[in-house]
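One file, entry-v7.json, is given below (JSON, C-alpha atoms).
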```json
[["chain", "number", "residue", "atom", "x", "y", "z"],
["K", 1, "MET", "CA", 3.40, -4.99, 9.43],
["K", 2, "ILE", "CA", 0.39, -7.21, 9.07],
["K", 3, "GLY", "CA", -2.33, -6.04, 6.73],
["K", 4, "ILE", "CA", -5.27, -6.99, 4.61],
["K", 5, "ILE", "CA", -6.54, -5.65, 1.31],
["K", 6, "LEU", "CA", -10.23, -4.85, 0.86],
["K", 7, "ASP", "CA", -12.59, -4.06, -1.99],
["K", 8, "ASN", "CA", -10.60, -5.29, -4.99],
["K", 9, "TYR", "CA", -7.28, -3.75, -3.86],
["K", 10, "LYS", "CA", -8.79, -0.30, -3.22],
["K", 11, "TYR", "CA", -7.91, -0.16, 0.48],
["K", 12, "HIS", "CA", -5.18, -1.57, 2.68],
["K", 13, "ILE", "CA", -5.72, -1.93, 6.43],
["K", 14, "ASN", "CA", -2.64, -2.12, 8.62],
["K", 15, "LEU", "CA", -3.95, -4.43, 11.34],
["K", 16, "LYS", "CA", -1.33, -3.45, 13.91],
["K", 17, "ALA", "CA", -2.03, 0.28, 13.55],
["K", 18, "ALA", "CA", -5.80, -0.31, 13.43],
["K", 19, "THR", "CA", -5.69, -2.43, 16.60],
["K", 20, "ILE", "CA", -3.64, 0.16, 18.47],
["K", 21, "THR", "CA", -6.02, 2.89, 17.34],
["K", 22, "LEU", "CA", -9.05, 0.84, 18.44],
["K", 23, "VAL", "CA", -7.54, 0.14, 21.88],
["K", 24, "ALA", "CA", -6.79, 3.84, 22.33],
["K", 25, "LEU", "CA", -10.36, 4.71, 21.34],
["K", 26, "VAL", "CA", -11.79, 2.23, 23.87],
["K", 27, "LEU", "CA", -9.51, 3.57, 26.61],
["K", 28, "ASP", "CA", -10.62, 7.11, 25.81],
["K", 29, "LEU", "CA", -14.30, 6.14, 25.68],
["K", 30, "MET", "CA", -13.99, 4.44, 29.06],
["K", 31, "ASN", "CA", -12.47, 7.72, 30.29],
["K", 32, "LEU", "CA", -9.34, 5.92, 31.50],
["K", 33, "THR", "CA", -6.87, 8.00, 29.54],
["K", 34, "LYS", "CA", -9.02, 11.14, 29.22],
["K", 35, "GLY", "CA", -8.04, 11.65, 25.58],
["K", 36, "ALA", "CA", -4.30, 11.20, 26.11],
["K", 37, "ALA", "CA", -4.14, 7.91, 24.16],
["K", 38, "ALA", "CA", -5.75, 9.47, 21.08],
["K", 39, "ALA", "CA", -3.50, 12.52, 21.36],
["K", 40, "VAL", "CA", -0.35, 10.39, 21.49],
["K", 41, "LEU", "CA", -1.47, 8.32, 18.48],
["K", 42, "ASN", "CA", -2.24, 11.49, 16.59],
["K", 43, "LEU", "CA", 1.18, 12.96, 17.36],
["K", 44, "LEU", "CA", 2.89, 9.73, 16.25],
["K", 45, "GLY", "CA", 0.73, 9.51, 13.12],
["K", 46, "ILE", "CA", -0.31, 5.94, 13.88],
["K", 47, "ASN", "CA", -4.01, 6.60, 13.34],
["K", 48, "LEU", "CA", -3.25, 7.94, 9.85],
["K", 49, "ARG", "CA", -1.48, 4.72, 8.87],
["K", 50, "ALA", "CA", -4.31, 2.37, 9.84],
["K", 51, "ILE", "CA", -6.18, 2.60, 6.52],
["K", 52, "SER", "CA", -4.62, 3.55, 3.19],
["K", 53, "ALA", "CA", -6.38, 4.12, -0.11],
["K", 54, "ILE", "CA", -4.65, 2.49, -3.09],
["K", 55, "PRO", "CA", -5.51, 4.53, -6.19],
["K", 56, "SER", "CA", -5.52, 2.93, -9.62],
["K", 57, "GLU", "CA", -5.02, 6.16, -11.54],
["K", 58, "ASN", "CA", -1.35, 6.54, -10.58],
["K", 59, "GLY", "CA", -0.39, 2.86, -11.04],
["K", 60, "GLU", "CA", -0.12, 1.88, -7.35],
["K", 61, "ARG", "CA", -2.96, -0.63, -7.48],
["K", 62, "CYS", "CA", -1.55, -2.28, -10.61],
["K", 63, "LEU", "CA", 1.85, -2.79, -8.97],
["K", 64, "LEU", "CA", 0.26, -4.07, -5.77],
["K", 65, "ILE", "CA", -1.89, -6.57, -7.69],
["K", 66, "GLU", "CA", 1.18, -7.87, -9.50],
["K", 67, "VAL", "CA", 3.10, -8.25, -6.22],
["K", 68, "CYS", "CA", 0.17, -10.12, -4.65],
["K", 69, "ARG", "CA", -0.10, -12.46, -7.66],
["K", 70, "LYS", "CA", 3.38, -13.78, -6.90],
["K", 71, "LYS", "CA", 3.41, -16.87, -4.72],
["K", 72, "ASP", "CA", 5.78, -15.42, -2.10],
["K", 73, "LYS", "CA", 4.41, -11.87, -2.48],
["K", 74, "THR", "CA", 7.97, -10.61, -2.96],
["K", 75, "THR", "CA", 9.49, -8.81, -5.94],
["K", 76, "ASN", "CA", 11.96, -6.17, -6.96],
["K", 77, "ASN", "CA", 11.60, -3.25, -9.31],
["K", 78, "GLU", "CA", 13.63, -4.97, -12.06],
["K", 79, "VAL", "CA", 10.75, -7.40, -12.65],
["K", 80, "PHE", "CA", 8.41, -4.51, -13.38],
["K", 81, "LYS", "CA", 10.90, -2.76, -15.61],
["K", 82, "ASN", "CA", 10.47, -5.73, -17.98],
["K", 83, "ILE", "CA", 6.74, -5.05, -18.45],
["K", 84, "LYS", "CA", 7.16, -1.54, -19.82],
["K", 85, "SER", "CA", 6.03, -1.11, -23.39],
["K", 86, "ARG", "CA", 4.17, -4.43, -23.23],
["K", 87, "ASP", "CA", 0.46, -5.08, -23.12],
["K", 88, "CYS", "CA", -1.22, -3.72, -20.00],
["K", 89, "VAL", "CA", -2.03, -6.64, -17.69],
["K", 90, "ASN", "CA", -4.73, -4.87, -15.66],
["K", 91, "ASN", "CA", -7.01, -3.42, -18.32],
["K", 92, "ASP", "CA", -9.90, -3.06, -15.86],
["K", 93, "LEU", "CA", -8.05, -0.30, -13.96],
["K", 94, "GLN", "CA", -7.97, 3.34, -14.91],
["K", 95, "CYS", "CA", -4.29, 4.23, -15.24],
["K", 96, "LYS", "CA", -2.49, 7.30, -16.52],
["K", 97, "PHE", "CA", 0.39, 5.10, -17.72],
["K", 98, "ARG", "CA", -1.65, 3.16, -20.30],
["K", 99, "ARG", "CA", -1.04, 4.30, -23.86],
["K", 100, "ASN", "CA", -2.83, 2.37, -26.62],
["K", 101, "ASN", "CA", -3.19, -0.61, -24.24],
["K", 102, "LEU", "CA", 0.57, -0.62, -23.58],
["K", 103, "CYS", "CA", 2.23, 0.03, -20.23],
["K", 104, "ALA", "CA", 4.15, 3.32, -20.37],
["K", 105, "LEU", "CA", 5.75, 3.20, -16.91],
["K", 106, "THR", "CA", 9.29, 4.55, -16.77],
["K", 107, "ASP", "CA", 11.99, 3.24, -14.43],
["K", 108, "MET", "CA", 11.57, 6.34, -12.27],
["K", 109, "ASP", "CA", 7.77, 5.86, -12.14],
["K", 110, "ILE", "CA", 8.21, 2.27, -10.94],
["K", 111, "ASP", "CA", 10.69, 3.31, -8.25],
["K", 112, "ASN", "CA", 8.39, 6.13, -7.08],
["K", 113, "LEU", "CA", 5.33, 3.84, -6.96],
["K", 114, "PHE", "CA", 7.16, 1.25, -4.88],
["K", 115, "GLU", "CA", 8.42, 3.93, -2.48],
["K", 116, "SER", "CA", 4.90, 5.34, -2.17],
["K", 117, "LEU", "CA", 3.57, 1.89, -1.21],
["K", 118, "VAL", "CA", 6.39, 1.56, 1.35],
["K", 119, "LYS", "CA", 5.50, 4.96, 2.87],
["K", 120, "LYS", "CA", 1.88, 3.81, 3.18],
["K", 121, "ASN", "CA", 3.12, 0.66, 4.99],
["K", 122, "VAL", "CA", 1.56, -1.54, 2.32],
["K", 123, "LEU", "CA", 4.93, -2.98, 1.27],
["K", 124, "SER", "CA", 8.12, -3.44, 3.23],
["K", 125, "LYS", "CA", 11.55, -3.00, 1.67],
["K", 126, "LYS", "CA", 14.62, -5.09, 2.45],
["K", 127, "GLY", "CA", 17.57, -4.22, 0.26],
["K", 128, "VAL", "CA", 16.22, -4.18, -3.29],
["K", 129, "MET", "CA", 13.28, -6.47, -2.52],
["K", 130, "TYR", "CA", 9.71, -5.38, -1.78],
["K", 131, "LYS", "CA", 7.30, -7.63, 0.11],
["K", 132, "TYR", "CA", 3.63, -7.52, 0.94],
["K", 133, "ASN", "CA", 3.07, -9.09, 4.37],
["K", 134, "ILE", "CA", -0.28, -10.69, 4.96]]
```
Let's see the structure in the file written out as structure tokens.
Amino acid sequence: MIGIILDNYKYHINLKAATITLVALVLDLMNLTKGAAAAVLNLLGINLRAISAIPSENGERCLLIEVCRKKDKTTNNEVFKNIKSRDCVNNDLQCKFRRNNLCALTDMDIDNLFESLVKKNVLSKKGVMYKYNI
């Protein structure tokens, strides 16, 4: 997975899926595949994975920002479990987990947020490690 983040971490574009979708569109527009390429991509769900919104309200954007701040863009969920009940590090984001400027993420919330970012193909998971691939 190769991707880029746009507009202050609001959107993630999976370049591989976006390129495949664009090629299929061109083939269909040139009437070479007569709509078959777009239909196959739709059935496989590739066109839905090209662009993902990263909401701040549920904590996904905060976790993604913290992963991207790391030099190797790799982390595990244990690192984030240490920030609970400490000062919120991304005060500019609207987040349902902020209580009196403290981070109120639970262990389960952190695990769910990481898995959500993996499902969106924003992060990849190897063992217990999560990585953002640029």
Give me, as an NGL selection string, all polymer residues having an atom no more than 8 Å from region 77-89 of chain K, counting all atoms listed in the file and skipping those fewer than 4 positions away in the same chain. :K and (98 or 101-107 or 110-111 or 114 or 128-129)
Within 9 Å of (-9.1, 3.7, -5.8) (file coordinates; only C-alpha atoms), which protein or nucleic acid residues are there? I'd like them as a PyMOL selection string. chain K and resi 9-11+53-57+61
Rounded to one decimal in Å, what is the spacing between CA of Gly59 (chain K) and CA of Asn112 (chain K)?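 For CA of Gly59 (chain K) relative to CA of Asn112 (chain K), the distance reads 10.2 Å.
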In Å, rounded to a single decimal, give me how far CA of Asn91 (chain K) is from CA of Lys119 (chain K).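 Going from CA of Lys119 (chain K) over to CA of Asn91 (chain K) covers 26.0 Å.
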Skip Leu27 (chain K) itself and residues of its chain fewer than 5 positions away, then list as a VMD selection string all residues within 10 Å of it, counting all atoms listed in the file. chain K and resid 21 to 22 32 to 38
Write out N, CA and C atoms for region 95-127 of chain K, as a PDB file, in the frame of the given file.
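Generated file (rebuild_13.pdb):
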```pdb
ATOM      1  N   CYS K  95      -5.695   3.971 -15.521  1.00  0.00           N
ATOM      2  CA  CYS K  95      -4.290   4.230 -15.240  1.00  0.00           C
ATOM      3  C   CYS K  95      -3.747   5.265 -16.205  1.00  0.00           C
ATOM      4  N   LYS K  96      -3.046   6.254 -15.670  1.00  0.00           N
ATOM      5  CA  LYS K  96      -2.490   7.300 -16.520  1.00  0.00           C
ATOM      6  C   LYS K  96      -1.289   6.816 -17.331  1.00  0.00           C
ATOM      7  N   PHE K  97      -0.786   5.618 -17.023  1.00  0.00           N
ATOM      8  CA  PHE K  97       0.390   5.100 -17.720  1.00  0.00           C
ATOM      9  C   PHE K  97       0.030   4.177 -18.889  1.00  0.00           C
ATOM     10  N   ARG K  98      -1.241   4.004 -19.175  1.00  0.00           N
ATOM     11  CA  ARG K  98      -1.650   3.160 -20.300  1.00  0.00           C
ATOM     12  C   ARG K  98      -1.748   4.019 -21.555  1.00  0.00           C
ATOM     13  N   ARG K  99      -1.015   3.622 -22.567  1.00  0.00           N
ATOM     14  CA  ARG K  99      -1.040   4.300 -23.860  1.00  0.00           C
ATOM     15  C   ARG K  99      -1.306   3.255 -24.936  1.00  0.00           C
ATOM     16  N   ASN K 100      -2.457   3.333 -25.585  1.00  0.00           N
ATOM     17  CA  ASN K 100      -2.830   2.370 -26.620  1.00  0.00           C
ATOM     18  C   ASN K 100      -2.701   0.925 -26.118  1.00  0.00           C
ATOM     19  N   ASN K 101      -3.214   0.698 -24.915  1.00  0.00           N
ATOM     20  CA  ASN K 101      -3.190  -0.610 -24.240  1.00  0.00           C
ATOM     21  C   ASN K 101      -1.786  -1.132 -23.942  1.00  0.00           C
ATOM     22  N   LEU K 102      -0.792  -0.255 -23.956  1.00  0.00           N
ATOM     23  CA  LEU K 102       0.570  -0.620 -23.580  1.00  0.00           C
ATOM     24  C   LEU K 102       0.942   0.089 -22.290  1.00  0.00           C
ATOM     25  N   CYS K 103       1.758  -0.564 -21.486  1.00  0.00           N
ATOM     26  CA  CYS K 103       2.230   0.030 -20.230  1.00  0.00           C
ATOM     27  C   CYS K 103       3.342   1.026 -20.535  1.00  0.00           C
ATOM     28  N   ALA K 104       3.175   2.269 -20.082  1.00  0.00           N
ATOM     29  CA  ALA K 104       4.150   3.320 -20.370  1.00  0.00           C
ATOM     30  C   ALA K 104       4.909   3.747 -19.112  1.00  0.00           C
ATOM     31  N   LEU K 105       4.990   2.877 -18.119  1.00  0.00           N
ATOM     32  CA  LEU K 105       5.750   3.200 -16.910  1.00  0.00           C
ATOM     33  C   LEU K 105       7.234   3.366 -17.239  1.00  0.00           C
ATOM     34  N   THR K 106       7.840   4.383 -16.648  1.00  0.00           N
ATOM     35  CA  THR K 106       9.290   4.550 -16.770  1.00  0.00           C
ATOM     36  C   THR K 106       9.946   3.937 -15.538  1.00  0.00           C
ATOM     37  N   ASP K 107      11.256   3.779 -15.584  1.00  0.00           N
ATOM     38  CA  ASP K 107      11.990   3.240 -14.430  1.00  0.00           C
ATOM     39  C   ASP K 107      11.767   4.112 -13.200  1.00  0.00           C
ATOM     40  N   MET K 108      11.769   5.422 -13.382  1.00  0.00           N
ATOM     41  CA  MET K 108      11.570   6.340 -12.270  1.00  0.00           C
ATOM     42  C   MET K 108      10.141   6.207 -11.704  1.00  0.00           C
ATOM     43  N   ASP K 109       9.159   6.044 -12.587  1.00  0.00           N
ATOM     44  CA  ASP K 109       7.770   5.860 -12.140  1.00  0.00           C
ATOM     45  C   ASP K 109       7.656   4.615 -11.267  1.00  0.00           C
ATOM     46  N   ILE K 110       8.275   3.528 -11.700  1.00  0.00           N
ATOM     47  CA  ILE K 110       8.210   2.270 -10.940  1.00  0.00           C
ATOM     48  C   ILE K 110       8.845   2.444  -9.575  1.00  0.00           C
ATOM     49  N   ASP K 111      10.018   3.064  -9.535  1.00  0.00           N
ATOM     50  CA  ASP K 111      10.690   3.310  -8.250  1.00  0.00           C
ATOM     51  C   ASP K 111       9.826   4.169  -7.336  1.00  0.00           C
ATOM     52  N   ASN K 112       9.231   5.229  -7.883  1.00  0.00           N
ATOM     53  CA  ASN K 112       8.390   6.130  -7.080  1.00  0.00           C
ATOM     54  C   ASN K 112       7.134   5.422  -6.568  1.00  0.00           C
ATOM     55  N   LEU K 113       6.527   4.564  -7.388  1.00  0.00           N
ATOM     56  CA  LEU K 113       5.330   3.840  -6.960  1.00  0.00           C
ATOM     57  C   LEU K 113       5.652   2.864  -5.837  1.00  0.00           C
ATOM     58  N   PHE K 114       6.766   2.164  -5.954  1.00  0.00           N
ATOM     59  CA  PHE K 114       7.160   1.250  -4.880  1.00  0.00           C
ATOM     60  C   PHE K 114       7.419   2.023  -3.587  1.00  0.00           C
ATOM     61  N   GLU K 115       8.123   3.140  -3.679  1.00  0.00           N
ATOM     62  CA  GLU K 115       8.420   3.930  -2.480  1.00  0.00           C
ATOM     63  C   GLU K 115       7.144   4.494  -1.855  1.00  0.00           C
ATOM     64  N   SER K 116       6.183   4.856  -2.686  1.00  0.00           N
ATOM     65  CA  SER K 116       4.900   5.340  -2.170  1.00  0.00           C
ATOM     66  C   SER K 116       4.182   4.245  -1.395  1.00  0.00           C
ATOM     67  N   LEU K 117       4.208   3.014  -1.901  1.00  0.00           N
ATOM     68  CA  LEU K 117       3.570   1.890  -1.210  1.00  0.00           C
ATOM     69  C   LEU K 117       4.323   1.553   0.079  1.00  0.00           C
ATOM     70  N   VAL K 118       5.621   1.763   0.114  1.00  0.00           N
ATOM     71  CA  VAL K 118       6.390   1.560   1.350  1.00  0.00           C
ATOM     72  C   VAL K 118       6.011   2.615   2.381  1.00  0.00           C
ATOM     73  N   LYS K 119       5.886   3.872   1.948  1.00  0.00           N
ATOM     74  CA  LYS K 119       5.500   4.960   2.870  1.00  0.00           C
ATOM     75  C   LYS K 119       4.113   4.732   3.467  1.00  0.00           C
ATOM     76  N   LYS K 120       3.232   4.107   2.695  1.00  0.00           N
ATOM     77  CA  LYS K 120       1.880   3.810   3.180  1.00  0.00           C
ATOM     78  C   LYS K 120       1.844   2.541   4.028  1.00  0.00           C
ATOM     79  N   ASN K 121       3.002   1.911   4.229  1.00  0.00           N
ATOM     80  CA  ASN K 121       3.120   0.660   4.990  1.00  0.00           C
ATOM     81  C   ASN K 121       2.360  -0.495   4.352  1.00  0.00           C
ATOM     82  N   VAL K 122       2.197  -0.445   3.047  1.00  0.00           N
ATOM     83  CA  VAL K 122       1.560  -1.540   2.320  1.00  0.00           C
ATOM     84  C   VAL K 122       2.623  -2.581   1.967  1.00  0.00           C
ATOM     85  N   LEU K 123       3.792  -2.116   1.572  1.00  0.00           N
ATOM     86  CA  LEU K 123       4.930  -2.980   1.270  1.00  0.00           C
ATOM     87  C   LEU K 123       6.059  -2.680   2.250  1.00  0.00           C
ATOM     88  N   SER K 124       6.893  -3.675   2.472  1.00  0.00           N
ATOM     89  CA  SER K 124       8.120  -3.440   3.230  1.00  0.00           C
ATOM     90  C   SER K 124       9.286  -3.635   2.281  1.00  0.00           C
ATOM     91  N   LYS K 125      10.387  -2.938   2.556  1.00  0.00           N
ATOM     92  CA  LYS K 125      11.550  -3.000   1.670  1.00  0.00           C
ATOM     93  C   LYS K 125      12.738  -3.542   2.459  1.00  0.00           C
ATOM     94  N   LYS K 126      13.377  -4.542   1.887  1.00  0.00           N
ATOM     95  CA  LYS K 126      14.620  -5.090   2.450  1.00  0.00           C
ATOM     96  C   LYS K 126      15.614  -5.167   1.320  1.00  0.00           C
ATOM     97  N   GLY K 127      16.601  -4.291   1.359  1.00  0.00           N
ATOM     98  CA  GLY K 127      17.570  -4.220   0.260  1.00  0.00           C
ATOM     99  C   GLY K 127      16.868  -3.722  -0.996  1.00  0.00           C
TER     100      GLY K 127
END
```
